[in-house]
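Colleague: Compact mmCIF, C-alpha atoms, file entry.txt:
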```txt
# COMPACT_ATOMS: atom_id res chain seq x y z
CA MET A 1 59.30 -15.41 16.64
CA LYS A 2 58.33 -12.50 18.84
CA LEU A 3 56.62 -12.41 22.23
CA ARG A 4 55.67 -9.24 24.07
CA ASP A 5 56.65 -8.10 27.56
CA THR A 6 53.30 -6.99 29.00
CA THR A 7 54.88 -4.38 31.28
CA SER A 8 57.32 -2.64 28.95
CA GLY A 9 55.63 -3.56 25.66
CA ASP A 10 59.04 -4.67 24.36
CA LEU A 11 59.26 -7.46 21.81
CA LEU A 12 61.14 -10.52 23.02
CA GLU A 13 62.83 -12.93 20.63
CA SER A 14 61.85 -16.54 21.26
CA THR A 15 62.73 -19.96 20.00
CA ILE A 16 60.71 -23.18 19.55
CA ASN A 17 62.39 -26.55 19.79
CA ARG A 18 61.43 -30.17 20.14
CA ILE A 19 61.25 -31.20 23.79
CA ILE A 20 63.98 -33.52 25.08
CA GLU A 21 63.49 -36.38 27.53
CA SER A 22 64.94 -34.53 30.53
CA ASP A 23 62.46 -31.66 29.97
CA TYR A 24 59.50 -33.84 30.98
CA GLU A 25 60.82 -34.12 34.53
CA ARG A 26 61.64 -30.40 34.67
CA VAL A 27 58.16 -29.51 33.46
CA ALA A 28 56.54 -31.85 35.99
CA ASN A 29 58.56 -30.37 38.87
CA SER A 30 58.28 -26.71 37.84
CA GLY A 31 54.82 -26.15 39.28
CA GLU A 32 54.01 -24.17 36.14
CA TYR A 33 51.93 -26.81 34.35
CA VAL A 34 48.69 -28.56 35.31
CA PHE A 35 48.70 -31.20 32.57
CA ASP A 36 50.82 -34.33 32.82
CA TRP A 37 53.02 -33.78 29.76
CA LYS A 38 54.61 -37.20 30.08
CA LEU A 39 51.34 -38.53 28.67
CA GLU A 40 52.15 -36.69 25.41
CA ARG A 41 55.42 -38.58 24.86
CA TYR A 42 53.94 -40.49 21.88
CA ALA A 43 53.31 -37.23 19.99
CA ASP A 44 55.57 -34.44 18.68
CA VAL A 45 56.02 -32.09 21.61
CA TYR A 46 57.55 -28.62 21.23
CA LYS A 47 58.63 -26.10 23.85
CA ILE A 48 58.86 -22.33 23.50
CA SER A 49 61.53 -20.35 25.36
CA LEU A 50 63.02 -16.89 25.27
CA PHE A 51 66.03 -16.75 22.94
CA LEU A 52 68.21 -15.42 25.76
CA SER A 53 66.88 -17.87 28.35
CA GLU A 54 66.45 -21.20 26.65
CA ASN A 55 66.32 -23.15 29.91
CA GLU A 56 63.02 -21.61 30.96
CA ILE A 57 60.07 -23.23 29.20
CA LEU A 58 57.24 -20.73 28.67
CA GLY A 59 54.76 -23.05 26.98
CA LEU A 60 54.31 -26.46 25.40
CA MET A 61 52.49 -27.86 22.39
CA SER A 62 51.72 -31.45 21.39
CA ILE A 63 50.91 -32.09 17.72
CA ASP A 64 50.29 -35.02 15.40
CA ASP A 65 50.73 -35.27 11.65
CA TYR A 66 47.84 -36.81 9.71
CA PRO A 67 49.32 -37.20 6.21
CA ASP A 68 46.22 -38.95 4.77
CA GLU A 69 44.12 -35.98 5.86
CA THR A 70 46.86 -33.45 5.01
CA ARG A 71 46.63 -31.74 8.35
CA ILE A 72 48.49 -31.07 11.56
CA ASN A 73 46.39 -31.57 14.67
CA VAL A 74 47.12 -29.65 17.85
CA ASN A 75 46.48 -32.17 20.65
CA LEU A 76 47.33 -29.90 23.55
CA ILE A 77 48.77 -26.46 24.31
CA GLU A 78 49.57 -25.18 27.76
CA VAL A 79 51.14 -21.84 28.61
CA GLY A 80 53.06 -21.81 31.91
CA ASN A 81 51.25 -20.43 34.95
CA ALA A 82 53.31 -17.20 35.10
CA ASN A 83 52.09 -16.17 31.67
CA ARG A 84 48.39 -16.92 31.95
CA GLY A 85 45.51 -14.64 32.80
CA ARG A 86 45.52 -11.00 33.89
CA GLY A 87 48.87 -11.05 35.64
CA LYS A 88 50.85 -12.61 32.80
CA ALA A 89 54.34 -11.30 32.22
CA ILE A 90 54.63 -12.31 28.56
CA ASP A 91 51.96 -12.24 25.88
CA GLY A 92 51.56 -14.19 22.62
CA ILE A 93 52.90 -17.60 23.69
CA ALA A 94 49.97 -19.73 22.48
CA GLY A 95 49.77 -17.65 19.27
CA CYS A 96 53.43 -18.36 18.53
CA LEU A 97 52.92 -22.08 19.11
CA LEU A 98 49.87 -22.18 16.81
CA ALA A 99 51.80 -20.20 14.17
CA PHE A 100 54.59 -22.75 14.45
CA ALA A 101 52.07 -25.57 13.81
CA ALA A 102 50.86 -23.63 10.74
CA LYS A 103 54.45 -23.33 9.52
CA ILE A 104 54.96 -27.10 9.85
CA SER A 105 51.73 -27.63 7.93
CA PHE A 106 52.92 -25.40 5.06
CA SER A 107 56.30 -27.14 5.01
CA LEU A 108 54.53 -30.50 4.56
CA ASN A 109 52.48 -29.04 1.69
CA TYR A 110 49.22 -29.11 3.65
CA ASN A 111 48.45 -25.48 2.75
CA GLY A 112 48.81 -24.47 6.40
CA PHE A 113 45.88 -26.70 7.43
CA VAL A 114 45.86 -27.04 11.23
CA THR A 115 43.07 -28.44 13.41
CA LEU A 116 42.21 -28.45 17.08
CA GLU A 117 39.29 -29.81 19.10
CA PRO A 118 37.82 -26.83 20.95
CA LYS A 119 35.99 -26.72 24.22
CA ALA A 120 32.56 -25.40 23.20
CA GLU A 121 33.02 -22.35 25.47
CA LEU A 122 36.23 -21.33 23.68
CA VAL A 123 35.06 -21.61 20.05
CA ASP A 124 34.39 -17.87 19.65
CA HIS A 125 37.76 -16.97 21.13
CA TYR A 126 39.76 -19.32 18.88
CA ARG A 127 37.84 -17.77 15.98
CA SER A 128 38.39 -14.12 16.88
CA LYS A 129 41.90 -14.45 18.29
CA TYR A 130 43.49 -16.84 15.76
CA GLY A 131 41.07 -17.09 12.81
CA PHE A 132 39.98 -20.71 13.30
CA GLU A 133 36.72 -21.91 11.70
CA GLU A 134 34.48 -24.80 12.70
CA LEU A 135 34.47 -28.02 10.67
CA SER A 136 32.43 -30.78 12.27
CA TYR A 137 33.78 -31.40 15.81
CA LEU A 138 37.09 -29.68 15.04
CA MET A 139 38.18 -26.14 14.22
CA PHE A 140 40.64 -25.44 11.44
CA ILE A 141 42.79 -22.78 9.90
CA GLU A 142 44.45 -22.86 6.46
CA GLY A 143 45.79 -20.84 3.52
CA LYS A 144 45.79 -17.07 3.89
CA LYS A 145 44.56 -17.22 7.48
CA SER A 146 47.41 -19.54 8.44
CA SER A 147 49.87 -17.31 6.63
CA ALA A 148 48.47 -14.27 8.48
CA LEU A 149 48.91 -16.10 11.80
CA ILE A 150 52.55 -16.82 10.93
CA ASN A 151 53.12 -13.21 9.89
CA LYS A 152 51.55 -11.92 13.08
CA TYR A 153 53.26 -14.18 15.60
CA MET A 154 56.44 -15.31 13.87
CA ASN A 155 57.36 -12.28 11.77
CA ASN A 156 55.54 -9.78 13.94
CA GLU A 157 53.81 -8.13 10.99
CA GLU A 158 50.42 -6.48 11.29
CA GLU A 159 47.48 -8.44 9.85
CA MET B 11 48.36 -43.54 16.80
CA LYS B 12 48.36 -44.02 20.58
CA LYS B 13 46.25 -41.43 22.40
CA SER B 14 46.93 -39.89 25.76
CA ASN B 15 44.22 -39.66 28.37
CA HIS B 16 44.18 -36.66 30.66
CA LYS B 17 40.65 -37.33 31.92
CA GLY B 18 41.57 -38.36 35.47
CA ASN B 19 43.41 -35.07 36.03
CA LYS B 20 40.74 -32.84 37.57
CA SER B 21 42.97 -29.79 38.11
CA ALA B 22 43.65 -29.77 34.37
CA SER B 23 39.98 -29.65 33.38
CA TYR B 24 38.19 -26.71 31.81
CA GLU B 25 35.75 -26.73 34.74
CA SER B 26 38.52 -26.32 37.27
CA LEU B 27 40.57 -23.76 35.33
CA SER B 28 37.54 -21.65 34.42
CA LYS B 29 37.17 -20.80 38.12
CA LYS B 30 40.45 -18.92 37.86
CA TYR B 31 40.48 -17.69 34.25
CA SER B 32 37.95 -16.16 31.85
CA ASP B 33 37.23 -18.03 28.59
CA GLU B 34 39.30 -15.48 26.67
CA GLU B 35 42.24 -16.05 29.00
CA LEU B 36 41.85 -19.82 28.67
CA ALA B 37 41.90 -19.57 24.86
CA GLU B 38 45.13 -17.58 25.17
CA GLY B 39 46.66 -20.18 27.46
CA PHE B 40 45.33 -23.57 26.42
CA VAL B 41 44.17 -25.93 23.74
CA PHE B 42 42.51 -28.67 25.76
CA PRO B 43 42.93 -32.35 24.89
CA SER B 44 40.25 -34.22 22.99
CA GLN B 45 37.13 -35.05 25.00
CA LEU B 46 35.52 -37.48 22.56
CA GLU B 47 36.12 -41.19 22.84
CA GLY B 48 35.11 -44.49 21.27
CA GLU B 49 32.15 -44.64 18.92
CA GLU B 50 31.25 -41.00 19.48
CA LYS B 51 34.70 -39.97 18.28
CA GLU B 52 34.62 -42.35 15.31
CA THR B 53 31.28 -40.96 14.11
CA ALA B 54 32.45 -37.36 14.52
CA HIS B 55 35.70 -38.15 12.75
CA ARG B 56 33.91 -39.77 9.81
CA GLU B 57 31.85 -36.62 9.41
CA PHE B 58 34.97 -34.44 9.64
CA LEU B 59 36.80 -36.55 7.05
CA LYS B 60 33.96 -36.21 4.58
CA LEU B 61 34.06 -32.41 4.92
CA ARG B 62 37.87 -32.35 4.80
CA MET B 63 37.94 -34.33 1.54
CA GLU B 64 35.36 -31.96 0.09
CA LEU B 65 37.51 -28.98 1.04
CA LEU B 66 40.52 -30.61 -0.64
CA LYS B 67 38.52 -31.44 -3.76
CA ASN B 68 37.24 -27.88 -4.02
CA MET B 69 40.61 -26.18 -3.60
CA THR B 70 41.19 -23.72 -6.44
CA SER B 71 44.45 -23.61 -8.41
CA GLU B 72 45.02 -20.16 -6.86
CA GLU B 73 44.76 -21.61 -3.35
CA ILE B 74 47.17 -24.43 -4.24
CA MET B 75 49.59 -21.88 -5.73
CA PHE B 76 49.38 -19.69 -2.62
CA GLY B 77 50.15 -22.70 -0.40
CA GLU B 78 53.16 -23.70 -2.48
CA LEU B 79 54.53 -20.15 -2.66
CA THR B 80 54.11 -19.69 1.09
CA ARG B 81 55.98 -22.98 1.57
CA MET B 82 58.73 -21.65 -0.73
CA LYS B 83 59.02 -18.45 1.31
CA LEU B 84 59.10 -20.29 4.66
CA LEU B 85 61.75 -22.74 3.42
CA GLN B 86 63.81 -19.77 2.24
CA ASN B 87 63.44 -18.14 5.68
CA ASP B 88 64.77 -21.30 7.34
CA TYR B 89 67.60 -21.51 4.80
CA PHE B 90 68.75 -17.95 5.60
CA LYS B 91 69.44 -19.04 9.19
CA LEU B 92 71.77 -21.84 8.11
CA ASP B 93 75.52 -21.46 7.69
CA THR B 94 75.54 -23.94 4.84
CA TYR B 95 75.03 -23.35 1.11
CA ASP B 96 72.54 -25.37 -0.93
CA LYS B 97 72.68 -25.22 -4.72
CA GLY B 98 68.98 -26.10 -4.86
CA MET B 99 68.33 -22.83 -3.03
CA SER B 100 70.37 -20.67 -5.44
CA PHE B 101 68.67 -17.70 -7.07
CA ALA B 102 68.55 -19.53 -10.42
CA ALA B 103 67.07 -22.68 -8.86
CA GLN B 104 64.52 -20.70 -6.86
CA LEU B 105 63.49 -18.74 -9.95
CA LYS B 106 62.95 -22.02 -11.82
CA ASP B 107 60.93 -23.30 -8.86
CA TYR B 108 58.88 -20.09 -8.86
CA MET B 109 58.02 -20.66 -12.53
CA ARG B 110 57.04 -24.28 -11.80
CA ILE B 111 54.78 -23.27 -8.91
CA THR B 112 53.14 -20.39 -10.81
CA ARG B 113 52.88 -22.58 -13.93
CA ARG B 114 54.60 -19.98 -16.09
CA SER B 115 56.88 -20.68 -19.03
CA GLN B 116 59.90 -18.42 -19.49
CA ALA B 117 58.10 -16.70 -22.36
CA GLU B 118 55.00 -16.04 -20.22
CA LEU B 119 56.96 -14.72 -17.25
CA CYS B 120 58.99 -12.43 -19.54
CA VAL B 121 55.81 -10.77 -20.78
CA GLU B 122 54.24 -10.54 -17.32
CA ILE B 123 57.20 -8.92 -15.55
CA GLY B 124 58.63 -7.01 -18.53
CA VAL B 125 62.00 -8.76 -18.79
CA GLU B 126 63.71 -9.72 -22.06
CA LYS B 127 63.62 -13.40 -23.01
CA THR B 128 67.39 -13.81 -23.28
CA LYS B 129 67.90 -12.09 -19.93
CA LEU B 130 65.46 -14.36 -18.13
CA SER B 131 67.01 -17.40 -19.77
CA LYS B 132 70.45 -16.33 -18.51
CA LEU B 133 69.03 -15.71 -15.02
CA VAL B 134 67.47 -19.18 -14.72
CA ASN B 135 70.73 -20.70 -15.92
CA GLY B 136 72.79 -18.68 -13.46
CA LYS B 137 74.73 -16.93 -16.24
CA ILE B 138 73.96 -13.39 -15.09
CA LYS B 139 73.30 -11.83 -11.69
CA PRO B 140 69.86 -10.54 -10.71
CA ASN B 141 69.26 -6.90 -9.80
CA ALA B 142 66.92 -5.19 -7.33
CA GLU B 143 64.55 -4.18 -10.15
CA LEU B 144 63.91 -7.85 -10.95
CA MET B 145 63.40 -8.68 -7.27
CA PHE B 146 60.71 -5.99 -6.91
CA ARG B 147 59.01 -7.22 -10.07
CA LEU B 148 58.95 -10.79 -8.74
CA GLU B 149 57.54 -9.52 -5.44
CA LYS B 150 54.71 -7.72 -7.25
CA HIS B 151 54.15 -10.72 -9.56
CA SER B 152 53.67 -13.02 -6.54
CA GLN B 153 51.33 -10.47 -4.94
CA ASN B 154 53.90 -10.10 -2.17
CA THR B 155 53.75 -13.81 -1.28
CA VAL B 156 57.51 -14.04 -1.92
CA PRO B 157 58.88 -10.59 -0.97
CA ALA B 158 61.78 -8.87 -2.74
CA LEU B 159 63.78 -9.18 0.49
CA ASN B 160 63.60 -12.97 0.24
CA TRP B 161 64.89 -12.90 -3.35
CA TYR B 162 67.68 -10.56 -2.20
CA ARG B 163 68.70 -12.86 0.66
CA VAL B 164 68.69 -15.89 -1.66
CA TYR B 165 71.05 -13.94 -3.93
CA LEU B 166 73.21 -12.91 -0.93
CA LYS B 167 73.73 -16.58 -0.06
CA ASP B 168 74.95 -17.14 -3.65
CA LEU B 169 77.37 -14.22 -3.28
CA GLU B 170 78.60 -15.51 0.07
CA GLN B 171 79.39 -18.88 -1.48
CA GLU B 172 81.05 -17.26 -4.49
CA LEU B 173 83.30 -15.31 -2.13
CA LYS B 174 84.18 -18.43 -0.12
CA GLU B 175 85.08 -20.37 -3.27
CA ASN B 176 87.06 -17.62 -4.97
CA THR B 177 90.51 -18.67 -3.73
CA GLU B 178 92.17 -17.40 -6.91
CA LEU B 179 90.96 -13.85 -6.30
CA LYS B 180 91.82 -14.16 -2.63
CA GLN B 181 95.42 -15.14 -3.32
CA ALA B 182 95.77 -12.46 -5.99
CA GLN B 183 94.45 -9.73 -3.67
CA TYR B 184 96.52 -10.88 -0.67
CA LYS B 185 99.62 -10.06 -2.71
CA PHE B 186 98.69 -6.36 -2.70
CA VAL B 187 98.78 -6.17 1.09
CA LYS B 188 102.26 -5.01 2.06
CA SER B 189 101.78 -5.24 5.84
CA SER B 190 99.05 -6.29 8.31
CA ILE B 191 98.05 -4.90 11.71
CA ASN B 192 99.90 -6.34 14.66
CA LEU B 193 97.72 -8.46 16.96
CA GLY B 194 100.62 -10.07 18.81
CA LYS B 195 99.74 -13.40 20.37
CA ALA B 196 96.01 -12.75 19.89
CA GLY B 197 96.35 -12.82 16.09
```
Show me, as structure tokens, the structure contained in the file I just sent.

Modeller:
Amino acid sequence: MKLRDTTSGDLLESTINRIIESDYERVANSGEYVFDWKLERYADVYKISLFLSENEILGLMSIDDYPDETRINVNLIEVGNANRGRGKAIDGIAGCLLAFAAKISFSLNYNGFVTLEPKAELVDHYRSKYGFEELSYLMFIEGKKSSALINKYMNNEEE
Amino acid sequence: MKKSNHKGNKSASYESLSKKYSDEELAEGFVFPSQLEGEEKETAHREFLKLRMELLKNMTSEEIMFGELTRMKLLQNDYFKLDTYDKGMSFAAQLKDYMRITRRSQAELCVEIGVEKTKLSKLVNGKIKPNAELMFRLEKHSQNTVPALNWYRVYLKDLEQELKENTELKQAQYKFVKSSINLGKAG
């Protein structure tokens, strides 16, 4: 999984792992996150870090598996403060997390079907940036679009 | 499924964060938690489910095949990172799985990729080793969904295991070595 250093343009190898209990306290005390991630304890929460600096959490994702609906739902994603907005040091963190959700969906035989509930103002951006489409109150991605997202963010191939 | 509630957290709201970030920047930094609750959510979810079931019902056999082949490729990619060997991930087993997913009999695949029947039979039974030509043909056959490089790496894992298990050859070859380099206490 590759992230990009916004200054040098270099690709940075990253790793995504399930969060461990002690991470919740670290996240809360880091000053990098505005959401209370302890509230996500009931869900599957993953953290993304640089391969060479696994202690530093760059972003977090909470997901749920809905087997009866053959989908993975993204409950919450938050990229750490240092990597948000114009001054961000590293690019592609949320994309990597979404690609990881798509990979889980494929592995469960859901054809890469991933959903999220968008803020109305962000619908166009989720569509253009990641390929999500609207379906009722949710947005979804599946099949070739999910595969393209994985190739772009996890294998670093061009779309 | 228990749901979290972030509603009381004003600094984590879209309204608050949008003062600092543009919508594009927010989409690159956040997926916000669900806003719907109670009956409103139930109604919306019922509507979503109806559409979701329709999508599932209308999936074509090609879409199903693509999903299963992508799953195969991703499982292979995870397998390559492991130090362990899994017989179910051998070249022969993966080739059989490929035929199951693409719903091809041996006879059909032979015709489609231009390989002799007896050769393909030996490949799926692990009696002969695959070559690069076959791997490129399988790549093209899957429309690049399972690349030749994946087939090659699957085969490499087989070779690795073969080497590890070949103690007879190891002992026989060791006998040819008349002297080794001197590593002193480090050796």

Colleague: Between CA of Leu79 in chain B and CA of Ser105 in chain A, what is the distance in Å, rounded to a tenth?

Modeller: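 Value for the CA of Leu79 in chain B-CA of Ser105 in chain A distance: 13.3 Å.
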
Colleague: Give me, as a list in words, all polymer residues having an atom no more than 9 Å from Gly95 in chain A, counting all atoms listed in the file and skipping those fewer than 5 positions away in the same chain.

Modeller: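 Counting all atoms listed in the file, the residues come to Phe100, Lys129, Tyr130, Leu149, Ile150, Lys152, Tyr153 and Met154 of chain A; Glu38 of chain B.
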
Colleague: For the interface of chain A with chain B (cut-off 8 Å, counting only C-alpha atoms), please tabulate each contacting residue of chain A alongside its nearest pair of atoms and their separation in Å to one decimal, rows sorted by chain and increasing number, as a tab-separated table.

Modeller:
```
residue	atom	partner	partner_atom	distance
A:Val34	CA	B:Ala22	CA	5.3
A:Phe35	CA	B:Ala22	CA	5.5
A:Asp36	CA	B:His16	CA	7.4
A:Leu39	CA	B:Ser14	CA	5.5
A:Glu40	CA	B:Ser14	CA	6.1
A:Tyr42	CA	B:Lys12	CA	6.7
A:Glu69	CA	B:Arg62	CA	7.3
A:Val74	CA	B:Val41	CA	7.6
A:Asn75	CA	B:Pro43	CA	5.5
A:Leu76	CA	B:Val41	CA	5.1
A:Ile77	CA	B:Val41	CA	4.7
A:Glu78	CA	B:Phe40	CA	4.7
A:Val79	CA	B:Gly39	CA	4.9
A:Gly80	CA	B:Gly39	CA	8.0
A:Asn83	CA	B:Gly39	CA	8.0
A:Arg84	CA	B:Gly39	CA	5.8
A:Gly85	CA	B:Glu35	CA	5.2
A:Arg86	CA	B:Glu35	CA	7.8
A:Gly92	CA	B:Glu38	CA	7.7
A:Ile93	CA	B:Gly39	CA	7.7
A:Ala94	CA	B:Glu38	CA	5.9
A:Gly95	CA	B:Glu38	CA	7.5
A:Lys103	CA	B:Leu84	CA	7.4
A:Phe106	CA	B:Arg81	CA	5.2
A:Ser107	CA	B:Arg81	CA	5.4
A:Asn109	CA	B:Glu78	CA	6.8
A:Tyr110	CA	B:Gly77	CA	7.6
A:Asn111	CA	B:Gly77	CA	4.5
A:Gly112	CA	B:Gly77	CA	7.2
A:Leu116	CA	B:Val41	CA	7.4
A:Glu117	CA	B:Ser44	CA	6.0
A:Pro118	CA	B:Phe42	CA	7.0
A:Lys119	CA	B:Phe42	CA	7.0
A:Glu121	CA	B:Asp33	CA	6.8
A:Leu122	CA	B:Asp33	CA	6.0
A:His125	CA	B:Glu34	CA	5.9
A:Tyr126	CA	B:Ala37	CA	6.4
A:Leu135	CA	B:Phe58	CA	6.5
A:Ser136	CA	B:Phe58	CA	5.2
A:Tyr137	CA	B:Ala54	CA	6.2
A:Leu138	CA	B:Phe58	CA	7.5
A:Gly143	CA	B:Gly77	CA	6.2
A:Lys144	CA	B:Phe76	CA	7.9
A:Ser147	CA	B:Thr80	CA	7.4
```

Colleague: Just the selected residues (C-alpha atoms), exported as a JSON list (two decimals), keeping the file's coordinate frame, please.

Modeller:
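Contents of out-v4.json, as written:
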```json
[["chain", "number", "residue", "atom", "x", "y", "z"],
["A", 34, "VAL", "CA", 48.69, -28.56, 35.31],
["A", 35, "PHE", "CA", 48.70, -31.20, 32.57],
["A", 36, "ASP", "CA", 50.82, -34.33, 32.82],
["A", 39, "LEU", "CA", 51.34, -38.53, 28.67],
["A", 40, "GLU", "CA", 52.15, -36.69, 25.41],
["A", 42, "TYR", "CA", 53.94, -40.49, 21.88],
["A", 69, "GLU", "CA", 44.12, -35.98, 5.86],
["A", 74, "VAL", "CA", 47.12, -29.65, 17.85],
["A", 75, "ASN", "CA", 46.48, -32.17, 20.65],
["A", 76, "LEU", "CA", 47.33, -29.90, 23.55],
["A", 77, "ILE", "CA", 48.77, -26.46, 24.31],
["A", 78, "GLU", "CA", 49.57, -25.18, 27.76],
["A", 79, "VAL", "CA", 51.14, -21.84, 28.61],
["A", 80, "GLY", "CA", 53.06, -21.81, 31.91],
["A", 83, "ASN", "CA", 52.09, -16.17, 31.67],
["A", 84, "ARG", "CA", 48.39, -16.92, 31.95],
["A", 85, "GLY", "CA", 45.51, -14.64, 32.80],
["A", 86, "ARG", "CA", 45.52, -11.00, 33.89],
["A", 92, "GLY", "CA", 51.56, -14.19, 22.62],
["A", 93, "ILE", "CA", 52.90, -17.60, 23.69],
["A", 94, "ALA", "CA", 49.97, -19.73, 22.48],
["A", 95, "GLY", "CA", 49.77, -17.65, 19.27],
["A", 103, "LYS", "CA", 54.45, -23.33, 9.52],
["A", 106, "PHE", "CA", 52.92, -25.40, 5.06],
["A", 107, "SER", "CA", 56.30, -27.14, 5.01],
["A", 109, "ASN", "CA", 52.48, -29.04, 1.69],
["A", 110, "TYR", "CA", 49.22, -29.11, 3.65],
["A", 111, "ASN", "CA", 48.45, -25.48, 2.75],
["A", 112, "GLY", "CA", 48.81, -24.47, 6.40],
["A", 116, "LEU", "CA", 42.21, -28.45, 17.08],
["A", 117, "GLU", "CA", 39.29, -29.81, 19.10],
["A", 118, "PRO", "CA", 37.82, -26.83, 20.95],
["A", 119, "LYS", "CA", 35.99, -26.72, 24.22],
["A", 121, "GLU", "CA", 33.02, -22.35, 25.47],
["A", 122, "LEU", "CA", 36.23, -21.33, 23.68],
["A", 125, "HIS", "CA", 37.76, -16.97, 21.13],
["A", 126, "TYR", "CA", 39.76, -19.32, 18.88],
["A", 135, "LEU", "CA", 34.47, -28.02, 10.67],
["A", 136, "SER", "CA", 32.43, -30.78, 12.27],
["A", 137, "TYR", "CA", 33.78, -31.40, 15.81],
["A", 138, "LEU", "CA", 37.09, -29.68, 15.04],
["A", 143, "GLY", "CA", 45.79, -20.84, 3.52],
["A", 144, "LYS", "CA", 45.79, -17.07, 3.89],
["A", 147, "SER", "CA", 49.87, -17.31, 6.63]]
```

Colleague: What is the CA of Met1 in chain A to CA of Ala89 in chain A distance in Å?

Modeller: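 Straight-line distance from CA of Met1 in chain A to CA of Ala89 in chain A works out to 16.9 Å.
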
Colleague: May I ask for the distance between CA of Glu21 in chain A and CA of Ser26 in chain B, given in Å to one decimal place?

Modeller: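 Answer for the CA of Glu21 in chain A to CA of Ser26 in chain B separation: 28.6 Å.
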
Colleague: Rank A:Asn81, A:Asp44, A:Leu108, A:Glu142 by their smallest atom-to-atom distance to Asp68 in chain A, using all atoms listed in the file, and report the top residue only.

Modeller: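 Checking each of A:Asn81, A:Asp44, A:Leu108, A:Glu142 against Asp68 in chain A, counting all atoms listed in the file, the winner is A:Leu108.
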
Colleague: Could you list, as a list of chain:residue names, every residue within 8 Å of Phe90 in chain B, counting all atoms listed in the file and ignoring same-chain residues fewer than 5 positions away?

Modeller: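 Returned residues: B:Arg163, B:Val164, B:Lys167.
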
Colleague: Which residues, written as a list in words, have at least one atom at most 8 Å from Asp91 in chain A, with all atoms listed in the file counted and residues fewer than 3 positions away on the same chain left out?

Modeller: Leu3, Arg4, Asp5, Thr6, Asn83 and Lys88 of chain A
